[in-house]
$ cat upload.cif   # mmCIF, C-alpha atoms and all ligand atoms
data_upload
loop_
_atom_site.label_atom_id
_atom_site.label_comp_id
_atom_site.auth_asym_id
_atom_site.auth_seq_id
_atom_site.Cartn_x
_atom_site.Cartn_y
_atom_site.Cartn_z
CA VAL A 13 0.00 0.00 0.00
CA THR A 14 1.58 3.29 -0.96
CA LEU A 15 0.62 6.86 -0.34
CA GLU A 16 1.31 9.30 -3.13
CA GLY A 17 1.64 12.91 -2.19
CA PRO A 18 3.65 15.42 -0.23
CA PRO A 19 6.33 15.28 0.89
CA GLU A 20 8.08 13.83 -2.11
CA GLU A 21 8.29 10.21 -0.98
CA ALA A 22 5.49 7.66 -0.71
CA ALA A 23 4.78 6.01 2.66
CA VAL A 24 4.26 2.26 2.82
CA ILE A 25 2.23 0.51 5.55
CA ARG A 26 3.59 -2.94 6.30
CA ARG A 27 4.03 -5.50 9.07
CA ALA A 28 6.74 -4.57 11.57
CA ARG A 29 9.99 -6.54 11.57
CA PRO A 30 12.61 -6.96 14.30
CA ASP A 31 14.86 -4.35 12.65
CA ASP A 32 12.06 -1.74 13.03
CA LEU A 33 11.94 -2.11 16.80
CA ALA A 34 14.54 0.53 17.71
CA ALA A 35 12.67 3.21 15.75
CA MET A 36 9.35 2.04 17.19
CA GLY A 37 10.83 2.32 20.69
CA VAL A 38 11.73 5.96 20.04
CA LEU A 39 8.16 6.63 18.90
CA GLY A 40 6.80 4.76 21.93
CA ALA A 41 8.85 7.05 24.19
CA LEU A 42 7.39 10.03 22.33
CA LEU A 43 3.91 8.71 23.10
CA ILE A 44 4.85 8.38 26.78
CA ASP A 45 6.20 11.94 26.93
CA LEU A 46 3.13 13.34 25.23
CA HIS A 47 0.82 11.77 27.84
CA HIS A 48 3.13 12.69 30.74
CA GLY A 49 3.01 16.29 29.53
CA TRP A 50 -0.78 16.21 29.71
CA ASP A 51 -1.01 14.79 33.25
CA GLU A 52 2.22 13.88 34.97
CA ARG A 53 0.50 12.37 37.98
CA ARG A 54 -1.43 9.89 35.87
CA PHE A 55 1.05 9.09 33.08
CA ILE A 56 4.63 7.91 33.61
CA GLY A 57 7.46 9.93 32.13
CA SER A 58 10.34 8.66 30.02
CA GLY A 59 14.00 8.31 30.96
CA PRO A 60 17.16 7.57 29.00
CA GLN A 61 16.29 3.85 28.75
CA THR A 62 12.62 4.21 27.84
CA GLY A 63 13.05 3.89 24.07
CA THR A 64 15.10 0.71 24.47
CA ALA A 65 12.76 -0.75 27.06
CA TYR A 66 9.74 0.01 24.87
CA ALA A 67 11.46 -1.61 21.89
CA THR A 68 12.10 -4.72 23.99
CA PHE A 69 8.46 -4.82 25.04
CA LEU A 70 7.26 -4.44 21.44
CA GLY A 71 9.74 -7.12 20.37
CA ARG A 72 8.09 -9.59 22.75
CA GLU A 73 4.71 -8.63 21.32
CA LEU A 74 6.02 -9.17 17.78
CA GLU A 75 6.44 -12.84 18.65
CA ARG A 76 2.85 -13.24 19.84
CA THR A 77 0.44 -14.36 17.14
CA GLU A 78 -2.36 -12.35 18.80
CA ALA A 79 -0.46 -9.09 18.32
CA VAL A 80 -0.62 -6.86 15.26
CA LEU A 81 2.32 -4.51 14.73
CA LEU A 82 2.38 -2.29 11.66
CA VAL A 83 4.81 0.41 10.61
CA ALA A 84 4.64 3.27 8.14
CA GLU A 85 7.92 3.49 6.25
CA ARG A 86 9.03 6.38 4.10
CA ALA A 87 12.35 6.57 2.27
CA GLY A 88 13.76 3.83 4.48
CA GLY A 89 12.71 5.56 7.71
CA ILE A 90 9.94 4.61 10.14
CA VAL A 91 7.45 7.50 10.36
CA GLY A 92 4.77 5.79 12.44
CA TYR A 93 3.49 2.56 13.90
CA ALA A 94 0.34 0.90 15.19
CA TYR A 95 0.21 -1.79 17.87
CA ALA A 96 -2.93 -3.79 18.50
CA ALA A 97 -3.82 -7.25 19.75
CA LEU A 98 -6.65 -9.75 19.89
CA GLU A 99 -7.66 -10.27 23.49
CA GLY A 100 -10.06 -12.62 25.25
CA HIS A 101 -12.80 -12.02 27.82
CA ASP A 102 -11.91 -9.27 30.26
CA TYR A 103 -14.24 -9.00 33.24
CA MET A 104 -12.36 -5.92 34.49
CA SER A 105 -13.38 -4.14 31.31
CA LEU A 106 -16.82 -5.81 31.26
CA ARG A 107 -16.30 -7.06 27.75
CA GLY A 108 -15.97 -10.21 25.70
CA PRO A 109 -13.20 -10.97 23.22
CA ALA A 110 -12.05 -7.89 21.33
CA GLY A 111 -9.32 -6.41 19.22
CA VAL A 112 -7.60 -3.74 21.27
CA ILE A 113 -5.73 -0.86 19.67
CA HIS A 114 -2.92 -0.05 22.09
CA ASP A 115 -0.65 2.43 20.30
CA LEU A 116 -0.90 4.65 17.27
CA VAL A 117 1.74 7.26 16.57
CA VAL A 118 3.10 9.19 13.62
CA THR A 119 6.24 11.36 13.71
CA PRO A 120 5.39 15.08 14.05
CA GLU A 121 6.82 15.91 10.62
CA SER A 122 4.71 13.25 8.88
CA ARG A 123 1.34 14.12 10.43
CA ARG A 124 -1.73 15.33 8.56
CA GLN A 125 -0.90 13.25 5.50
CA GLY A 126 -3.31 10.40 6.17
CA ILE A 127 -0.71 8.03 7.64
CA GLY A 128 -2.39 7.69 11.04
CA LEU A 129 -5.70 6.95 9.38
CA ARG A 130 -4.10 4.32 7.15
CA LEU A 131 -2.28 2.62 10.06
CA LEU A 132 -5.48 2.52 12.09
CA THR A 133 -7.61 1.30 9.19
CA GLU A 134 -5.15 -1.49 8.41
CA ALA A 135 -4.90 -2.56 12.07
CA ARG A 136 -8.70 -2.56 12.34
CA ASP A 137 -9.08 -4.60 9.15
CA ILE A 138 -6.54 -7.21 10.28
CA LEU A 139 -8.29 -7.57 13.65
CA SER A 140 -11.60 -7.83 11.85
CA ARG A 141 -10.32 -10.53 9.46
CA ARG A 142 -9.04 -12.47 12.48
CA GLY A 143 -12.56 -12.51 13.87
CA ALA A 144 -12.58 -9.69 16.43
CA PRO A 145 -16.28 -9.05 17.15
CA LEU A 146 -15.48 -5.65 18.66
CA ILE A 147 -12.58 -3.22 18.50
CA VAL A 148 -11.78 -1.00 21.46
CA LEU A 149 -9.23 1.64 22.31
CA SER A 150 -8.60 4.23 24.99
CA THR A 151 -7.55 7.76 24.33
CA ALA A 152 -6.43 10.52 26.68
CA GLU A 153 -8.99 13.10 27.74
CA ARG A 154 -6.72 15.82 26.38
CA ASN A 155 -6.02 14.08 23.07
CA LEU A 156 -8.60 15.81 20.91
CA THR A 157 -6.59 15.14 17.74
CA ALA A 158 -6.69 11.38 18.25
CA GLN A 159 -10.35 11.49 19.30
CA LYS A 160 -11.20 13.20 16.04
CA LEU A 161 -9.30 10.58 14.06
CA PHE A 162 -10.98 7.70 15.93
CA GLY A 163 -14.37 9.33 15.49
CA ARG A 164 -13.79 9.52 11.75
CA LEU A 165 -13.36 5.75 11.68
CA GLY A 166 -16.63 5.22 13.52
CA PHE A 167 -15.38 4.69 17.10
CA ARG A 168 -17.95 5.80 19.67
CA ARG A 169 -17.33 6.97 23.25
CA THR A 170 -17.87 4.18 25.75
CA MET A 171 -15.85 4.73 28.92
CA ILE A 172 -14.25 7.58 30.88
CA GLU A 173 -11.25 6.88 33.11
CA MET A 174 -10.97 9.08 36.23
CA ALA A 175 -8.03 9.39 38.59
CA CYS A 176 -7.17 10.97 41.93
CA GLU A 177 -4.39 10.66 44.46
CA PRO A 178 -5.32 8.56 47.55
CA THR A 179 -4.76 11.50 49.88
CA GLY A 180 -7.45 13.37 47.99
C1 LIG A 201 -3.09 10.98 16.29
C2 LIG A 201 -2.09 10.78 15.15
C3 LIG A 201 -1.62 9.33 15.14
C4 LIG A 201 -2.77 11.12 13.82
O1 LIG A 201 -1.86 10.80 12.79
P1 LIG A 201 -1.90 11.59 11.40
O2 LIG A 201 -1.10 10.80 10.43
O3 LIG A 201 -1.53 12.99 11.59
O4 LIG A 201 -3.45 11.51 11.07
P2 LIG A 201 -4.12 11.66 9.63
O5 LIG A 201 -3.30 12.56 8.76
O6 LIG A 201 -4.39 10.30 9.13
O7 LIG A 201 -5.45 12.41 10.01
C5 LIG A 201 -6.68 11.78 9.87
C6 LIG A 201 -7.74 12.69 10.44
O8 LIG A 201 -7.60 12.82 11.84
C7 LIG A 201 -7.96 14.16 12.21
N1 LIG A 201 -6.77 14.88 12.65
C8 LIG A 201 -5.48 14.44 12.59
N2 LIG A 201 -4.65 15.37 13.12
C9 LIG A 201 -5.43 16.42 13.50
C10 LIG A 201 -5.16 17.68 14.10
N3 LIG A 201 -3.91 18.06 14.43
N4 LIG A 201 -6.21 18.48 14.37
C11 LIG A 201 -7.47 18.12 14.07
N5 LIG A 201 -7.79 16.93 13.47
C12 LIG A 201 -6.78 16.10 13.20
C13 LIG A 201 -8.52 14.81 10.98
O9 LIG A 201 -9.88 14.49 10.91
C14 LIG A 201 -7.72 14.10 9.93
O10 LIG A 201 -8.29 14.15 8.67
P3 LIG A 201 -7.98 15.41 7.72
O11 LIG A 201 -6.49 15.62 7.70
O12 LIG A 201 -8.55 14.97 6.40
O13 LIG A 201 -8.70 16.56 8.35
C15 LIG A 201 -0.88 11.75 15.31
O14 LIG A 201 -1.35 13.06 15.48
C16 LIG A 201 0.02 11.39 16.46
O15 LIG A 201 0.94 10.57 16.33
N6 LIG A 201 -0.24 11.99 17.64
C17 LIG A 201 0.55 11.72 18.81
C18 LIG A 201 0.31 10.32 19.34
C19 LIG A 201 -1.14 10.07 19.66
O16 LIG A 201 -1.84 10.92 20.14
N7 LIG A 201 -1.59 8.84 19.38
C20 LIG A 201 -2.94 8.41 19.61
C21 LIG A 201 -3.18 7.98 20.99
S1 LIG A 201 -2.57 6.36 21.34
#
$ encode --input "upload.cif" --output "C-alpha cells"
Amino acid sequence: VTLEGPPEEAAVIRRARPDDLAAMGVLGALLIDLHHGWDERRFIGSGPQTGTAYATFLGRELERTEAVLLVAERAGGIVGYAYAALEGHDYMSLRGPAGVIHDLVVTPESRRQGIGLRLLTEARDILSRRGAPLIVLSTAERNLTAQKLFGRLGFRRTMIEMACEPTG
C-alpha cells in the first residue's frame, strides 16, 4: 500500500519486523512523553532507557500471534506505527473478546498526511479478518486530535477513566 503525495516520498504501511523495533521504541517514548506532559500524575514519564525498554516490550509482542504490529515506512525511515492485539474475555473491562488498539503514533513531521488513518484502518481490518467481534481503544482526555481521528473511523465513546491521588 503506498501513499502518493507530499512530501516527495510515498509512505508504505507494512508489518513490523525486528529491525524496526529501535525506531518504534523511540516513537513509543514520544507517546509516553506526550501523555506525561498532559497529566504527569497519571502518566509515567520517560527516561534515558525508555526507548530501548519500549522496543524490547514491542519485540516480545512481535512474537505473539495475537499481536498486530504495523509500521509506516518512508524513504527507508519509520514514520509511524500501530500496535494492537486480539484479546479474550476481560471482566475488568466488562467485555468479551475484542481487538484492542494499544498504540498509534506518527512522527510530528509526517502528520496530517493520512498516515495515522491508514495505520489505524489497516490494524482494524486485520483484527476484523481475524474474527474480532469488537474493536476498542482508549484515548487521553486531552487528546482531541486522536479522538477526532478515531471518530472519523466510527469509534464511539464508551468509557471515561478518572483518577485521583489517595490523599485526595
Ligand atoms: C493521532 C495521530 C496518530 C494522527 O496521525 P496523522 O497521520 O496525523 O493523522 P491523519 O493525517 O491520518 O489524520 C486523519 C484525520 O484525523 C484528524 N486529525 C489528525 N490530526 C489532526 C489535528 N492536528 N487536528 C485536528 N484533526 C486532526 C482529521 O480528521 C484528519 O483528517 P484530515 O487531515 O482529512 O482533516 C498523530 O497526530 C500522532 O501521532 N499523535 C501523537 C500520538 C497520539 O496521540 N496517538 C494516539 C493515541 S494512542
$ atom_distance --input "upload.cif" --atom1 "atom CA of Leu149 of chain A" --atom2 "atom CA of Ala35 of chain A"
22.9 Å
$ residues_near_ligand --input "upload.cif" --ligand "ligand LIG 201 (chain A)" --cutoff "7 Å" --atoms "all atoms listed in the file" --output "PyMOL selection string"
chain A and resi 43+114-120+122-130+151+155+157-158+160-161+164
$ residues_around --input "upload.cif" --residues "Thr68 of chain A" --least-positions-apart "3" --cutoff "10 Å" --atoms "only C-alpha atoms" --output "list in words"
Pro30, Leu33, Ala34, Met36, Gly37, Thr62, Gly63, Thr64, Ala65, Gly71, Arg72, Glu73 and Leu74 of chain A
$ write_last_selection --input "upload.cif" --atoms "C-alpha atoms" --output "PDB file, keeping the file's coordinate frame"
ATOM      1  CA  PRO A  30      12.610  -6.960  14.300  1.00  0.00           C
ATOM      2  CA  LEU A  33      11.940  -2.110  16.800  1.00  0.00           C
ATOM      3  CA  ALA A  34      14.540   0.530  17.710  1.00  0.00           C
ATOM      4  CA  MET A  36       9.350   2.040  17.190  1.00  0.00           C
ATOM      5  CA  GLY A  37      10.830   2.320  20.690  1.00  0.00           C
ATOM      6  CA  THR A  62      12.620   4.210  27.840  1.00  0.00           C
ATOM      7  CA  GLY A  63      13.050   3.890  24.070  1.00  0.00           C
ATOM      8  CA  THR A  64      15.100   0.710  24.470  1.00  0.00           C
ATOM      9  CA  ALA A  65      12.760  -0.750  27.060  1.00  0.00           C
ATOM     10  CA  GLY A  71       9.740  -7.120  20.370  1.00  0.00           C
ATOM     11  CA  ARG A  72       8.090  -9.590  22.750  1.00  0.00           C
ATOM     12  CA  GLU A  73       4.710  -8.630  21.320  1.00  0.00           C
ATOM     13  CA  LEU A  74       6.020  -9.170  17.780  1.00  0.00           C
TER      14      LEU A  74
END
$ residues_around --input "upload.cif" --residues "Ile147 of chain A" --least-positions-apart "3" --cutoff "12 Å" --atoms "all atoms listed in the file" --output "PDB file with C-alpha atoms, in the coordinates of the input"
ATOM      1  CA  ALA A  96      -2.930  -3.790  18.500  1.00  0.00           C
ATOM      2  CA  ALA A  97      -3.820  -7.250  19.750  1.00  0.00           C
ATOM      3  CA  LEU A  98      -6.650  -9.750  19.890  1.00  0.00           C
ATOM      4  CA  GLU A  99      -7.660 -10.270  23.490  1.00  0.00           C
ATOM      5  CA  GLY A 100     -10.060 -12.620  25.250  1.00  0.00           C
ATOM      6  CA  ARG A 107     -16.300  -7.060  27.750  1.00  0.00           C
ATOM      7  CA  GLY A 108     -15.970 -10.210  25.700  1.00  0.00           C
ATOM      8  CA  PRO A 109     -13.200 -10.970  23.220  1.00  0.00           C
ATOM      9  CA  ALA A 110     -12.050  -7.890  21.330  1.00  0.00           C
ATOM     10  CA  GLY A 111      -9.320  -6.410  19.220  1.00  0.00           C
ATOM     11  CA  VAL A 112      -7.600  -3.740  21.270  1.00  0.00           C
ATOM     12  CA  ILE A 113      -5.730  -0.860  19.670  1.00  0.00           C
ATOM     13  CA  HIS A 114      -2.920  -0.050  22.090  1.00  0.00           C
ATOM     14  CA  LEU A 132      -5.480   2.520  12.090  1.00  0.00           C
ATOM     15  CA  THR A 133      -7.610   1.300   9.190  1.00  0.00           C
ATOM     16  CA  ALA A 135      -4.900  -2.560  12.070  1.00  0.00           C
ATOM     17  CA  ARG A 136      -8.700  -2.560  12.340  1.00  0.00           C
ATOM     18  CA  ASP A 137      -9.080  -4.600   9.150  1.00  0.00           C
ATOM     19  CA  ILE A 138      -6.540  -7.210  10.280  1.00  0.00           C
ATOM     20  CA  LEU A 139      -8.290  -7.570  13.650  1.00  0.00           C
ATOM     21  CA  SER A 140     -11.600  -7.830  11.850  1.00  0.00           C
ATOM     22  CA  ARG A 141     -10.320 -10.530   9.460  1.00  0.00           C
ATOM     23  CA  ARG A 142      -9.040 -12.470  12.480  1.00  0.00           C
ATOM     24  CA  GLY A 143     -12.560 -12.510  13.870  1.00  0.00           C
ATOM     25  CA  ALA A 144     -12.580  -9.690  16.430  1.00  0.00           C
ATOM     26  CA  SER A 150      -8.600   4.230  24.990  1.00  0.00           C
ATOM     27  CA  PHE A 162     -10.980   7.700  15.930  1.00  0.00           C
ATOM     28  CA  LEU A 165     -13.360   5.750  11.680  1.00  0.00           C
ATOM     29  CA  GLY A 166     -16.630   5.220  13.520  1.00  0.00           C
ATOM     30  CA  PHE A 167     -15.380   4.690  17.100  1.00  0.00           C
ATOM     31  CA  ARG A 168     -17.950   5.800  19.670  1.00  0.00           C
ATOM     32  CA  THR A 170     -17.870   4.180  25.750  1.00  0.00           C
TER      33      THR A 170
END
$ closest_residue --input "upload.cif" --among "A:Leu146, A:Arg154, A:Gly92, A:Arg26" --to "Val38 of chain A" --atoms "only C-alpha atoms"
A:Gly92
$ atom_distance --input "upload.cif" --atom1 "atom CA of Gly88 of chain A" --atom2 "atom CA of Asp32 of chain A"
10.3 Å
$ atom_distance --input "upload.cif" --atom1 "atom CA of Phe55 of chain A" --atom2 "atom CA of Val148 of chain A"
20.0 Å
$ closest_residue --input "upload.cif" --among "A:Glu153, A:Glu177, A:Asp51, A:Glu85" --to "Val24 of chain A" --atoms "only C-alpha atoms"
A:Glu85
$ closest_residue --input "upload.cif" --among "A:Leu106, A:Leu156, A:Ala28, A:Ile56" --to "Val83 of chain A" --atoms "all atoms listed in the file"
A:Ala28
$ closest_residue --input "upload.cif" --among "A:Ile44, A:Met104, A:Met174, A:Val91" --to "Leu131 of chain A" --atoms "all atoms listed in the file"
A:Val91
